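Content type CSV, C-alpha atoms and all ligand atoms, from the file my_file.csv:
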```csv
chain,number,residue,atom,x,y,z
A,48,MET,CA,-115.8,5.5,-19.5
A,49,THR,CA,-112.8,3.5,-18.4
A,50,VAL,CA,-109.5,3.9,-20.1
A,51,SER,CA,-107.6,0.7,-21.0
A,52,LYS,CA,-103.9,-0.1,-21.4
A,53,GLU,CA,-104.6,-0.9,-25.0
A,54,GLN,CA,-105.9,2.5,-25.6
A,55,VAL,CA,-102.8,4.0,-24.1
A,56,LEU,CA,-100.6,1.8,-26.2
A,57,ALA,CA,-102.5,2.7,-29.3
A,58,ALA,CA,-102.0,6.4,-28.5
A,59,LEU,CA,-98.3,5.9,-27.8
A,60,ALA,CA,-97.9,4.1,-31.2
A,61,LYS,CA,-98.3,7.5,-32.8
A,62,VAL,CA,-95.4,8.9,-30.7
A,63,PRO,CA,-92.0,8.3,-32.3
A,64,SER,CA,-89.0,7.6,-30.2
A,65,PRO,CA,-85.7,9.5,-31.1
A,66,ASP,CA,-84.7,6.9,-33.7
A,67,GLY,CA,-88.2,7.0,-35.3
A,68,ALA,CA,-89.6,3.7,-34.0
A,69,PRO,CA,-93.0,3.9,-32.4
A,70,LEU,CA,-92.7,4.3,-28.7
A,71,PRO,CA,-94.2,0.9,-27.7
A,72,ASP,CA,-91.6,-0.8,-29.9
A,73,ALA,CA,-88.7,1.1,-28.3
A,74,ARG,CA,-88.4,-1.2,-25.3
A,75,VAL,CA,-88.4,1.6,-22.8
A,76,LEU,CA,-92.0,1.4,-21.5
A,77,SER,CA,-92.6,0.4,-17.9
A,78,ASP,CA,-95.9,-1.2,-16.9
A,79,ILE,CA,-98.7,1.2,-17.7
A,80,VAL,CA,-100.7,1.9,-14.6
A,81,VAL,CA,-104.3,3.1,-15.2
A,82,SER,CA,-106.1,4.0,-12.1
A,83,GLU,CA,-109.4,5.8,-12.1
A,84,ASN,CA,-108.6,7.2,-15.6
A,85,LYS,CA,-105.3,8.5,-14.4
A,86,VAL,CA,-102.4,7.1,-16.3
A,87,PHE,CA,-98.8,6.6,-15.0
A,88,PHE,CA,-95.8,5.0,-16.6
A,89,SER,CA,-92.1,5.6,-17.0
A,90,LEU,CA,-89.7,5.5,-19.9
A,91,THR,CA,-86.4,3.9,-18.9
A,92,VAL,CA,-83.7,5.1,-21.2
A,93,ASP,CA,-80.0,5.3,-21.7
A,94,ALA,CA,-78.4,7.8,-19.4
A,95,ALA,CA,-76.5,9.3,-22.3
A,96,ALA,CA,-79.6,9.8,-24.4
A,97,VAL,CA,-81.8,11.5,-21.7
A,98,LYS,CA,-81.9,14.9,-23.4
A,99,SER,CA,-83.3,13.5,-26.7
A,100,TRP,CA,-86.0,11.6,-24.7
A,101,GLU,CA,-87.4,14.6,-22.9
A,102,SER,CA,-89.4,15.7,-25.9
A,103,VAL,CA,-90.7,12.2,-26.3
A,104,ARG,CA,-91.7,12.1,-22.7
A,105,LYS,CA,-93.7,15.3,-23.2
A,106,ALA,CA,-95.2,14.0,-26.5
A,107,ALA,CA,-96.2,10.8,-24.7
A,108,GLU,CA,-97.9,12.7,-22.0
A,109,GLU,CA,-99.8,14.8,-24.5
A,110,ALA,CA,-100.8,11.8,-26.5
A,111,VAL,CA,-102.2,10.0,-23.4
A,112,ARG,CA,-104.0,13.2,-22.3
A,113,GLY,CA,-105.7,13.3,-25.6
A,114,ILE,CA,-107.4,9.9,-25.1
A,115,PRO,CA,-111.1,10.5,-24.3
A,116,GLY,CA,-111.8,9.9,-20.7
A,117,VAL,CA,-108.2,10.4,-19.4
A,118,GLN,CA,-108.1,12.7,-16.5
A,119,SER,CA,-104.4,13.1,-16.1
A,120,ALA,CA,-101.2,11.5,-17.3
A,121,LEU,CA,-97.8,11.4,-15.6
A,122,VAL,CA,-94.9,10.1,-17.7
A,123,ALA,CA,-91.6,9.8,-15.9
A,124,LEU,CA,-88.3,9.7,-17.6
A,125,THR,CA,-85.7,7.5,-15.8
A,126,ALA,CA,-82.3,6.5,-16.7
A,127,GLU,CA,-80.3,3.5,-15.7
A,128,ARG,CA,-76.9,4.3,-14.4
A,129,ALA,CA,-74.0,3.4,-16.6
A,130,ALA,CA,-72.5,0.0,-15.7
A,131,GLY,CA,-70.0,0.2,-12.9
A,132,ALA,CA,-71.1,3.6,-11.7
A,133,GLY,CA,-72.5,2.2,-8.5
A,134,ALA,CA,-74.8,-0.5,-7.2
A,135,ARG,CA,-77.6,1.6,-5.9
A,136,GLY,CA,-79.9,1.0,-8.9
A,137,PRO,CA,-81.6,3.4,-11.2
A,138,GLN,CA,-81.4,7.1,-10.7
A,139,PRO,CA,-83.6,9.9,-11.8
A,140,ALA,CA,-82.7,11.2,-15.2
A,141,HIS,CA,-81.1,14.5,-14.1
A,142,VAL,CA,-78.8,12.6,-11.8
A,143,ALA,CA,-78.0,9.7,-14.1
A,144,ALA,CA,-77.4,12.0,-17.0
A,145,HIS,CA,-74.0,12.6,-15.6
A,146,PRO,CA,-73.0,9.2,-14.3
A,147,ARG,CA,-69.9,9.1,-12.2
A,148,PRO,CA,-67.2,7.0,-13.8
A,149,ALA,CA,-66.4,3.8,-12.0
A,150,GLY,CA,-63.8,4.2,-9.3
A,151,ALA,CA,-64.6,7.9,-8.8
A,152,ALA,CA,-67.0,7.3,-5.9
A,153,HIS,CA,-65.2,9.8,-3.6
A,154,ALA,CA,-64.3,12.4,-6.2
A,155,HIS,CA,-64.4,16.1,-5.3
A,156,PRO,CA,-67.7,16.8,-3.5
A,157,ALA,CA,-68.4,19.8,-5.6
A,158,ASP,CA,-69.1,17.8,-8.7
A,159,LYS,CA,-72.3,16.5,-7.2
A,160,VAL,CA,-73.9,19.5,-5.7
A,161,GLN,CA,-77.5,19.3,-6.5
A,162,PRO,CA,-79.2,22.2,-8.3
A,163,GLY,CA,-81.5,24.1,-6.0
A,164,ILE,CA,-85.2,24.6,-6.7
A,165,PRO,CA,-85.6,28.1,-8.3
A,166,GLY,CA,-87.1,30.5,-5.8
A,167,VAL,CA,-86.8,28.2,-2.9
A,168,ASP,CA,-84.3,29.3,-0.3
A,169,ALA,CA,-84.1,26.1,1.8
A,170,VAL,CA,-85.5,22.6,1.7
A,171,ILE,CA,-85.8,20.5,4.9
A,172,ALA,CA,-87.0,16.9,5.3
A,173,VAL,CA,-89.1,15.6,8.1
A,174,ALA,CA,-88.2,12.0,8.4
A,175,SER,CA,-88.3,9.0,10.7
A,176,GLY,CA,-86.9,5.5,10.6
A,177,LYS,CA,-90.2,4.0,11.6
A,178,GLY,CA,-93.7,4.5,10.2
A,179,GLY,CA,-96.6,5.9,12.1
A,180,VAL,CA,-94.6,8.0,14.6
A,181,GLY,CA,-96.3,11.2,13.6
A,182,LYS,CA,-94.0,12.6,10.9
A,183,SER,CA,-96.7,14.0,8.7
A,184,THR,CA,-98.5,15.5,11.7
A,185,THR,CA,-95.2,17.0,12.9
A,186,ALA,CA,-94.3,18.2,9.4
A,187,VAL,CA,-97.6,20.1,8.9
A,188,ASN,CA,-97.5,21.8,12.3
A,189,LEU,CA,-93.9,22.6,12.0
A,190,ALA,CA,-94.6,24.2,8.6
A,191,LEU,CA,-97.3,26.2,10.2
A,192,GLY,CA,-95.0,27.1,13.0
A,193,LEU,CA,-92.5,28.4,10.5
A,194,ARG,CA,-95.2,30.3,8.8
A,195,ASP,CA,-96.0,32.0,12.1
A,196,LEU,CA,-92.4,33.1,12.3
A,197,GLY,CA,-93.1,35.1,9.2
A,198,MET,CA,-91.7,32.8,6.7
A,199,LYS,CA,-93.2,31.9,3.3
A,200,VAL,CA,-93.5,28.1,3.6
A,201,GLY,CA,-94.1,25.3,1.1
A,202,MET,CA,-94.8,21.6,1.8
A,203,LEU,CA,-94.0,18.7,-0.4
A,204,ASP,CA,-95.5,15.3,0.3
A,205,ALA,CA,-92.8,12.9,-0.7
A,206,ASP,CA,-94.6,10.0,0.6
A,207,ILE,CA,-95.9,8.8,-2.7
A,208,TYR,CA,-96.9,5.4,-1.2
A,209,GLY,CA,-99.2,6.9,1.4
A,210,PRO,CA,-99.6,10.6,0.8
A,211,SER,CA,-101.1,12.3,3.9
A,212,LEU,CA,-101.2,16.0,3.0
A,213,PRO,CA,-104.6,15.9,1.2
A,214,LYS,CA,-106.1,14.6,4.4
A,215,LEU,CA,-104.1,16.6,7.0
A,216,LEU,CA,-104.8,19.8,5.1
A,217,ALA,CA,-108.3,18.9,3.9
A,218,ILE,CA,-107.4,19.5,0.3
A,219,LYS,CA,-109.8,18.0,-2.2
A,220,GLU,CA,-109.2,20.2,-5.2
A,221,LYS,CA,-106.9,19.2,-8.0
A,222,PRO,CA,-103.9,21.4,-9.0
A,223,GLN,CA,-104.3,23.3,-12.2
A,224,THR,CA,-101.7,23.0,-14.9
A,225,ILE,CA,-99.9,26.0,-16.2
A,226,GLY,CA,-99.0,25.9,-19.9
A,227,GLY,CA,-99.9,22.2,-20.2
A,228,THR,CA,-96.9,20.8,-18.3
A,229,ARG,CA,-96.2,22.7,-15.0
A,230,LEU,CA,-98.5,22.3,-12.0
A,231,LYS,CA,-99.8,25.0,-9.8
A,232,PRO,CA,-99.5,24.0,-6.1
A,233,ILE,CA,-102.5,24.4,-3.8
A,234,GLU,CA,-102.6,27.1,-1.1
A,235,ARG,CA,-103.9,26.2,2.3
A,236,TYR,CA,-103.5,27.9,5.7
A,237,GLY,CA,-100.9,30.1,4.0
A,238,LEU,CA,-98.8,27.1,2.9
A,239,THR,CA,-98.0,26.3,-0.7
A,240,VAL,CA,-98.6,22.5,-1.0
A,241,MET,CA,-98.0,19.7,-3.5
A,242,SER,CA,-98.8,16.0,-3.0
A,243,ILE,CA,-99.1,13.1,-5.5
A,244,GLY,CA,-102.3,12.5,-3.5
A,245,PHE,CA,-103.8,15.6,-5.3
A,246,LEU,CA,-103.5,13.6,-8.6
A,247,ILE,CA,-104.6,10.2,-7.5
A,248,ASP,CA,-107.3,8.9,-5.3
A,249,GLU,CA,-106.8,8.5,-1.6
A,250,GLU,CA,-108.1,5.0,-1.7
A,251,THR,CA,-106.0,3.9,-4.6
A,252,PRO,CA,-103.2,1.6,-3.5
A,253,MET,CA,-100.1,2.8,-5.3
A,254,ILE,CA,-97.5,0.4,-6.6
A,255,TRP,CA,-94.5,2.2,-7.9
A,256,ARG,CA,-91.3,0.8,-9.4
A,257,GLY,CA,-88.2,2.3,-7.9
A,258,PRO,CA,-87.3,4.6,-10.8
A,259,MET,CA,-90.9,5.9,-11.0
A,260,VAL,CA,-90.7,6.9,-7.3
A,261,MET,CA,-87.8,9.1,-7.9
A,262,SER,CA,-89.2,10.6,-11.1
A,263,ALA,CA,-92.5,11.4,-9.5
A,264,ILE,CA,-90.7,13.2,-6.6
A,265,THR,CA,-88.4,14.9,-9.0
A,266,GLN,CA,-91.4,16.1,-11.1
A,267,MET,CA,-93.1,17.4,-8.0
A,268,LEU,CA,-90.0,19.3,-7.0
A,269,ARG,CA,-89.1,20.7,-10.4
A,270,GLU,CA,-92.2,20.8,-12.5
A,271,VAL,CA,-94.3,22.7,-9.9
A,272,GLU,CA,-94.6,26.4,-9.8
A,273,TRP,CA,-93.5,26.8,-6.2
A,274,GLY,CA,-93.0,30.5,-6.4
A,275,LYS,CA,-90.8,32.3,-3.9
A,276,LEU,CA,-90.4,30.3,-0.7
A,277,ASP,CA,-88.2,30.9,2.3
A,278,ILE,CA,-88.5,27.2,3.2
A,279,MET,CA,-89.9,24.0,1.8
A,280,VAL,CA,-90.8,21.3,4.3
A,281,VAL,CA,-90.7,17.8,2.8
A,282,ASP,CA,-92.8,15.1,4.5
A,283,MET,CA,-90.8,12.0,3.8
A,284,PRO,CA,-92.0,8.4,3.5
A,285,PRO,CA,-91.2,6.2,6.5
A,286,GLY,CA,-88.0,4.2,6.6
A,287,THR,CA,-84.4,4.5,5.6
A,288,GLY,CA,-84.4,2.3,2.4
A,289,ASP,CA,-82.9,3.1,-0.9
A,290,ALA,CA,-85.9,5.3,-1.9
A,291,GLN,CA,-85.3,7.6,1.1
A,292,LEU,CA,-81.6,7.7,0.5
A,293,THR,CA,-82.0,8.6,-3.1
A,294,MET,CA,-84.5,11.2,-2.2
A,295,ALA,CA,-82.1,12.7,0.3
A,296,GLN,CA,-79.4,12.6,-2.4
A,297,GLN,CA,-81.4,14.2,-5.2
A,298,VAL,CA,-82.9,17.1,-3.3
A,299,PRO,CA,-80.6,19.9,-2.1
A,300,LEU,CA,-81.5,19.5,1.6
A,301,LYS,CA,-80.5,22.1,4.1
A,302,GLY,CA,-81.2,19.6,6.8
A,303,ALA,CA,-83.4,16.9,8.3
A,304,VAL,CA,-85.7,16.8,11.3
A,305,ILE,CA,-86.1,13.3,12.7
A,306,VAL,CA,-89.3,12.4,14.5
A,307,SER,CA,-89.4,9.6,17.0
A,308,THR,CA,-91.6,8.3,19.7
A,309,PRO,CA,-89.8,7.6,23.0
A,310,GLN,CA,-89.8,3.7,22.8
A,311,ASP,CA,-86.6,1.9,22.3
A,312,LEU,CA,-87.7,0.4,19.0
A,313,ALA,CA,-88.6,3.7,17.5
A,314,LEU,CA,-85.3,5.1,18.8
A,315,ILE,CA,-83.3,2.4,17.0
A,316,ASP,CA,-85.0,3.4,13.8
A,317,ALA,CA,-84.5,7.1,14.5
A,318,ARG,CA,-80.8,6.3,15.0
A,319,ARG,CA,-80.8,4.8,11.5
A,320,GLY,CA,-82.5,7.9,10.2
A,321,VAL,CA,-79.8,10.1,11.7
A,322,ALA,CA,-77.1,7.9,10.3
A,323,MET,CA,-78.6,7.9,6.9
A,324,PHE,CA,-78.7,11.7,6.6
A,325,LYS,CA,-75.2,12.0,8.0
A,326,ARG,CA,-74.0,9.5,5.4
A,327,VAL,CA,-75.2,11.7,2.6
A,328,ASN,CA,-73.8,14.8,4.3
A,329,VAL,CA,-77.2,16.3,5.2
A,330,PRO,CA,-77.1,18.1,8.5
A,331,VAL,CA,-79.5,16.7,11.1
A,332,LEU,CA,-81.3,19.7,12.5
A,333,GLY,CA,-82.5,17.8,15.4
A,334,VAL,CA,-84.9,15.2,16.9
A,335,VAL,CA,-88.5,15.8,17.9
A,336,GLU,CA,-90.0,13.4,20.5
A,337,ASN,CA,-93.6,12.9,19.4
A,338,MET,CA,-96.2,11.2,21.7
A,339,SER,CA,-93.8,12.1,24.4
A,340,TYR,CA,-96.2,11.9,27.3
A,341,PHE,CA,-100.0,11.7,27.8
A,342,LEU,CA,-102.0,14.5,29.5
A,343,CYS,CA,-105.4,13.2,30.5
A,344,PRO,CA,-107.9,15.6,28.9
A,345,SER,CA,-110.3,15.2,31.8
A,346,CYS,CA,-108.1,15.1,34.9
A,347,GLY,CA,-104.9,16.6,33.6
A,348,THR,CA,-102.8,13.8,35.0
A,349,ARG,CA,-99.7,13.1,33.0
A,350,SER,CA,-98.6,9.5,32.1
A,351,ASP,CA,-95.4,8.6,30.3
A,352,ILE,CA,-97.0,5.9,28.2
A,353,PHE,CA,-94.0,5.2,26.0
A,354,GLY,CA,-91.4,6.2,28.5
A,355,HIS,CA,-90.8,9.9,28.1
A,356,GLY,CA,-87.4,11.4,27.4
A,357,GLY,CA,-85.9,8.6,25.3
A,358,ALA,CA,-85.5,10.8,22.2
A,359,ARG,CA,-83.8,13.6,24.1
A,360,LYS,CA,-81.2,11.1,25.5
A,361,GLU,CA,-80.8,9.6,22.1
A,362,ALA,CA,-80.2,13.0,20.6
A,363,GLU,CA,-77.6,13.8,23.2
A,364,ARG,CA,-75.9,10.4,22.6
A,365,LEU,CA,-75.8,11.1,18.8
A,366,GLY,CA,-74.7,14.6,19.3
A,367,VAL,CA,-77.6,16.2,17.5
A,368,PRO,CA,-79.9,18.9,18.8
A,369,PHE,CA,-83.1,18.0,20.7
A,370,LEU,CA,-85.9,20.2,19.3
A,371,GLY,CA,-88.8,19.5,21.6
A,372,GLU,CA,-91.5,17.2,23.0
A,373,VAL,CA,-95.0,16.9,21.6
A,374,PRO,CA,-97.5,15.2,23.9
A,375,LEU,CA,-99.8,12.4,22.8
A,376,HIS,CA,-103.1,14.3,22.8
A,377,MET,CA,-106.6,13.6,21.5
A,378,THR,CA,-106.9,17.1,20.2
A,379,ILE,CA,-103.8,16.7,18.0
A,380,ARG,CA,-105.1,13.5,16.5
A,381,GLU,CA,-108.6,14.7,16.0
A,382,LYS,CA,-107.6,18.0,14.5
A,383,SER,CA,-104.9,16.5,12.4
A,384,ASP,CA,-107.0,13.8,10.9
A,385,ALA,CA,-109.8,16.3,10.2
A,386,GLY,CA,-107.6,18.5,8.2
A,387,LEU,CA,-107.6,21.2,10.9
A,388,PRO,CA,-104.0,21.2,12.2
A,389,VAL,CA,-103.7,22.6,15.7
A,390,VAL,CA,-101.2,25.4,14.9
A,391,ALA,CA,-103.6,26.8,12.3
A,392,THR,CA,-106.9,26.2,14.1
A,393,GLU,CA,-106.0,26.6,17.8
A,394,PRO,CA,-103.1,29.1,17.5
A,395,ASP,CA,-103.5,30.2,21.2
A,396,GLY,CA,-103.6,26.6,22.5
A,397,PRO,CA,-100.7,24.8,24.3
A,398,HIS,CA,-100.0,22.5,21.4
A,399,ALA,CA,-99.5,25.3,18.9
A,400,LYS,CA,-97.0,26.9,21.2
A,401,ILE,CA,-95.0,23.7,21.4
A,402,TYR,CA,-94.9,23.4,17.6
A,403,ARG,CA,-93.9,27.1,17.3
A,404,ASP,CA,-91.1,26.6,19.7
A,405,ILE,CA,-89.9,23.6,17.7
A,406,ALA,CA,-90.2,25.7,14.5
A,407,ALA,CA,-88.0,28.5,16.1
A,408,ARG,CA,-85.4,25.9,17.0
A,409,VAL,CA,-85.5,24.5,13.5
A,410,ARG,CA,-85.0,28.0,12.1
A,411,ASP,CA,-82.1,28.6,14.3
A,412,GLN,CA,-80.5,25.3,13.4
A,413,ILE,CA,-80.9,26.1,9.7
A,414,LYS,CA,-79.1,29.4,10.2
A,415,GLY,CA,-76.4,27.5,12.0
A,416,ALA,CA,-76.3,24.8,9.3
A,417,ALA,CA,-76.0,27.5,6.6
A,418,ARG,CA,-72.9,28.7,8.3
A,419,SER,CA,-71.2,25.4,8.8
A,420,ALA,CA,-72.9,23.1,6.3
A,421,PRO,CA,-70.9,20.8,4.2
A,422,LYS,CA,-71.9,20.7,0.6
A,423,ILE,CA,-74.6,18.2,-0.2
A,424,VAL,CA,-72.8,15.4,-1.9
A,425,ILE,CA,-74.1,12.4,-3.9
A,426,GLU,CA,-72.4,9.3,-2.8
A,427,ALA,CA,-71.9,6.6,-5.4
B,501,LIG,N1,-98.8,14.0,19.2
B,501,LIG,C1,-99.9,13.3,18.8
B,501,LIG,N2,-100.9,13.1,19.6
B,501,LIG,C2,-102.0,12.4,19.1
B,501,LIG,N3,-102.0,11.8,18.0
B,501,LIG,C3,-101.0,11.9,17.1
B,501,LIG,C4,-99.9,12.7,17.5
B,501,LIG,N4,-99.0,12.7,16.4
B,501,LIG,C5,-99.6,11.9,15.5
B,501,LIG,N5,-100.8,11.5,15.9
B,501,LIG,C6,-101.7,10.6,15.2
B,501,LIG,O1,-101.0,9.4,14.9
B,501,LIG,C7,-101.3,8.9,13.6
B,501,LIG,C8,-100.1,8.8,12.7
B,501,LIG,O2,-99.6,10.1,12.5
B,501,LIG,P1,-98.9,10.5,11.1
B,501,LIG,O3,-99.7,10.1,10.0
B,501,LIG,O4,-98.5,11.9,11.3
B,501,LIG,O5,-97.6,9.6,11.2
B,501,LIG,P2,-96.5,9.3,10.1
B,501,LIG,O6,-95.2,9.0,10.8
B,501,LIG,O7,-96.5,10.4,9.1
B,501,LIG,O8,-97.1,8.0,9.5
B,501,LIG,P3,-96.5,7.2,8.1
B,501,LIG,O9,-95.3,6.6,8.5
B,501,LIG,O10,-97.7,6.3,7.8
B,501,LIG,O11,-96.3,8.3,7.1
B,501,LIG,C9,-102.4,9.9,13.0
B,501,LIG,O12,-103.7,9.4,13.3
B,501,LIG,C10,-102.1,11.2,13.8
B,501,LIG,O13,-103.3,12.0,14.0
B,502,MG,MG,-96.8,10.3,7.0
```
Render the structure in this file as structure tokens.
Ligand SMILES: Nc1ncnc2c1ncn2[C@@H]1O[C@H](COP(=O)(O)OP(=O)(O)OP(=O)(O)O)[C@@H](O)[C@H]1O
Ligand SMILES: [Mg+2]
Amino acid sequence: MTVSKEQVLAALAKVPSPDGAPLPDARVLSDIVVSENKVFFSLTVDAAAVKSWESVRKAAEEAVRGIPGVQSALVALTAERAAGAGARGPQPAHVAAHPRPAGAAHAHPADKVQPGIPGVDAVIAVASGKGGVGKSTTAVNLALGLRDLGMKVGMLDADIYGPSLPKLLAIKEKPQTIGGTRLKPIERYGLTVMSIGFLIDEETPMIWRGPMVMSAITQMLREVEWGKLDIMVVDMPPGTGDAQLTMAQQVPLKGAVIVSTPQDLALIDARRGVAMFKRVNVPVLGVVENMSYFLCPSCGTRSDIFGHGGARKEAERLGVPFLGEVPLHMTIREKSDAGLPVVATEPDGPHAKIYRDIAARVRDQIKGAARSAPKIVIEA
């Protein structure tokens, strides 16, 4: 049985908006995306009225879940910023609910400190300017390295365009809901994991409108029972566009790890990544050089395919720590793509050691950052 948009609209017609009008008539609905009987849409509402819409959002989700055949429903609440509050476009509801008055862009930083995630001591982002440099692979093995240091570690897949964690951690099961609204993350290799990929199909191309991106991430952060975590590692989508920036702004990040390959082109993008985090006052914990060199598995000869050492030099130039070099190695790729990350499955191997060393440096940097961190500030 396939669920149609008309069925969704019919179900939503029974949900009243705060002024009593049926939801489809309230001019707040985004496009309704139905994919494999999973339904997504957002309600774009006035920033000032966000509170009164939260119950409508919940009721809409319930109504859609009640349609026979619907497997899951994700309704996101987004609010447009008040006019003049900044040109960066729509913000997630909890940010936009307190729009900054025009002209107050550099008001006291403390007024924009983001609320933490209950139970989570530190959130760090693994990011890169460029796609395909090995962020997700690094994020997973770094998380496992931190686990090996005795920390309770969570992982959030913030790459809602191309979620990787279901594959990299071989997770096929769907998260359970708790009390109808909150999601229970999945446990794998001792990590507590959440990805939008658990809710949608790997093969489904996702088209998200800007506000939906942020709402989906916000929900994964705040409507998931993360439990008690020493650290949450966020696998970021590639790039340094508005989506990444907003993500960096709305999550209370302790710091960011930038992954780069050694080529000049990747380094230019890494530089953008560093600049972006600095701009939003998120400490850059350091740079990892991935695919740093190639060790021939049969003869052991080393080749510097992409020109080894570029990221270390770049880190020095930018005045940020260098965290380590990960070789380009068949085992890393094979294991990673099979959902058997090397740190978990070959803990005594050379690659696991490299990732653990990087994890130890990250931990030390976080301690340093905690001592000297500026408050995380939202820029208008
Ligand atoms: N050090 C490495 N050695 C060998 N293969 C690697 C290494 N790091 C990553 N890979 C492989 O490179 C590919 C891209 O890696 P990954 O998905 O981690 O990159 P990404 O930066 O997260 O990509 P995207 O920008 O699409 O999110 C994967 O097939 C992965 O297995
Ligand atoms: Mg990735």
**Item:** Test item: residues lying within 9 Å of ligand LIG 501 (chain B) with all atoms listed in the file, as number ranges by chain
**Value:** A: 174-187, 206, 208-211, 215, 282-286, 306-307, 336-341, 372-385, 398
**Prompt:** In Å to one decimal, how far is CA of Leu268 in chain A from CA of Ala58 in chain A?
**Reply:** 27.8 Å
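You can rank A:Gly366, A:Pro213, A:Gly415, A:Gly302 by their closest distance to ligand MG 502 (chain B) using only C-alpha atoms and all ligand atoms, and at the top of that list sits A:Pro213.
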**Request:** Have a look at A:Met261, A:Val62, A:Leu203, A:Val50 and name the one nearest to ligand MG 502 (chain B); count all atoms listed in the file.
**Result:** A:Leu203
**Request:** Go through A:Ile79, A:Leu246, A:Val111, A:Ala123 and flag the residue nearest Ala60 in chain A, using only C-alpha atoms for the distances.
**Result:**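 Using only C-alpha atoms, the shortest distance to Ala60 in chain A belongs to A:Val111.
Restricting the calculation to only C-alpha atoms, the smallest distance between Lys231 in chain A and any of A:Lys214, A:Val271, A:Cys343, A:Gly192 is found for A:Val271.
For the choices A:Ile413, A:Lys98, A:Gly201, A:Glu272, the atom-to-atom distance to Ile225 in chain A is smallest for A:Glu272 when using only C-alpha atoms.
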**Request:** Give me, please, the distance in Å between CA of Ser64 in chain A and CA of Glu101 in chain A, quoted to one decimal.
**Result:**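 Distance reported for this atom pair: 10.2 Å.
The space between CA of Lys105 in chain A and CA of Ala73 in chain A spans 15.9 Å.
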**Request:** In the coordinates of the file, take the point (-90.4, 25.0, 16.1) and a cut-off of 9 Å; then, counting all atoms listed in the file, name each qualifying protein, DNA or RNA residue as a list in words.
**Result:**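 Answer for this query, in the requested form: Asn188, Leu189, Ala190, Gly192, Leu193, Leu370, Gly371, Lys400, Ile401, Tyr402, Arg403, Asp404, Ile405, Ala406, Ala407, Arg408, Val409 and Arg410 of chain A.
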**Prompt:** In terms of the shortest atom-to-atom distance over only C-alpha atoms and all ligand atoms, which of A:Ala303, A:Val173, A:Ala263, A:Met48 is closest to ligand MG 502 (chain B)?
**Reply:**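 Comparing A:Ala303, A:Val173, A:Ala263, A:Met48 against ligand MG 502 (chain B), the winner is A:Val173.
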**Item:** For Leu276 in chain A: contacts at 6 Å, only C-alpha atoms, fewer than 5 positions along chain excluded, given as a ChimeraX atom specification
**Value:** /A:167,199-200
So that I have them on file, write out the residues from the current selection with C-alpha atoms, as a PDB file, in the coordinates of the input.
```pdb
ATOM      1  CA  VAL A 167     -86.800  28.200  -2.900  1.00  0.00           C
ATOM      2  CA  LYS A 199     -93.200  31.900   3.300  1.00  0.00           C
ATOM      3  CA  VAL A 200     -93.500  28.100   3.600  1.00  0.00           C
TER       4      VAL A 200
END
```
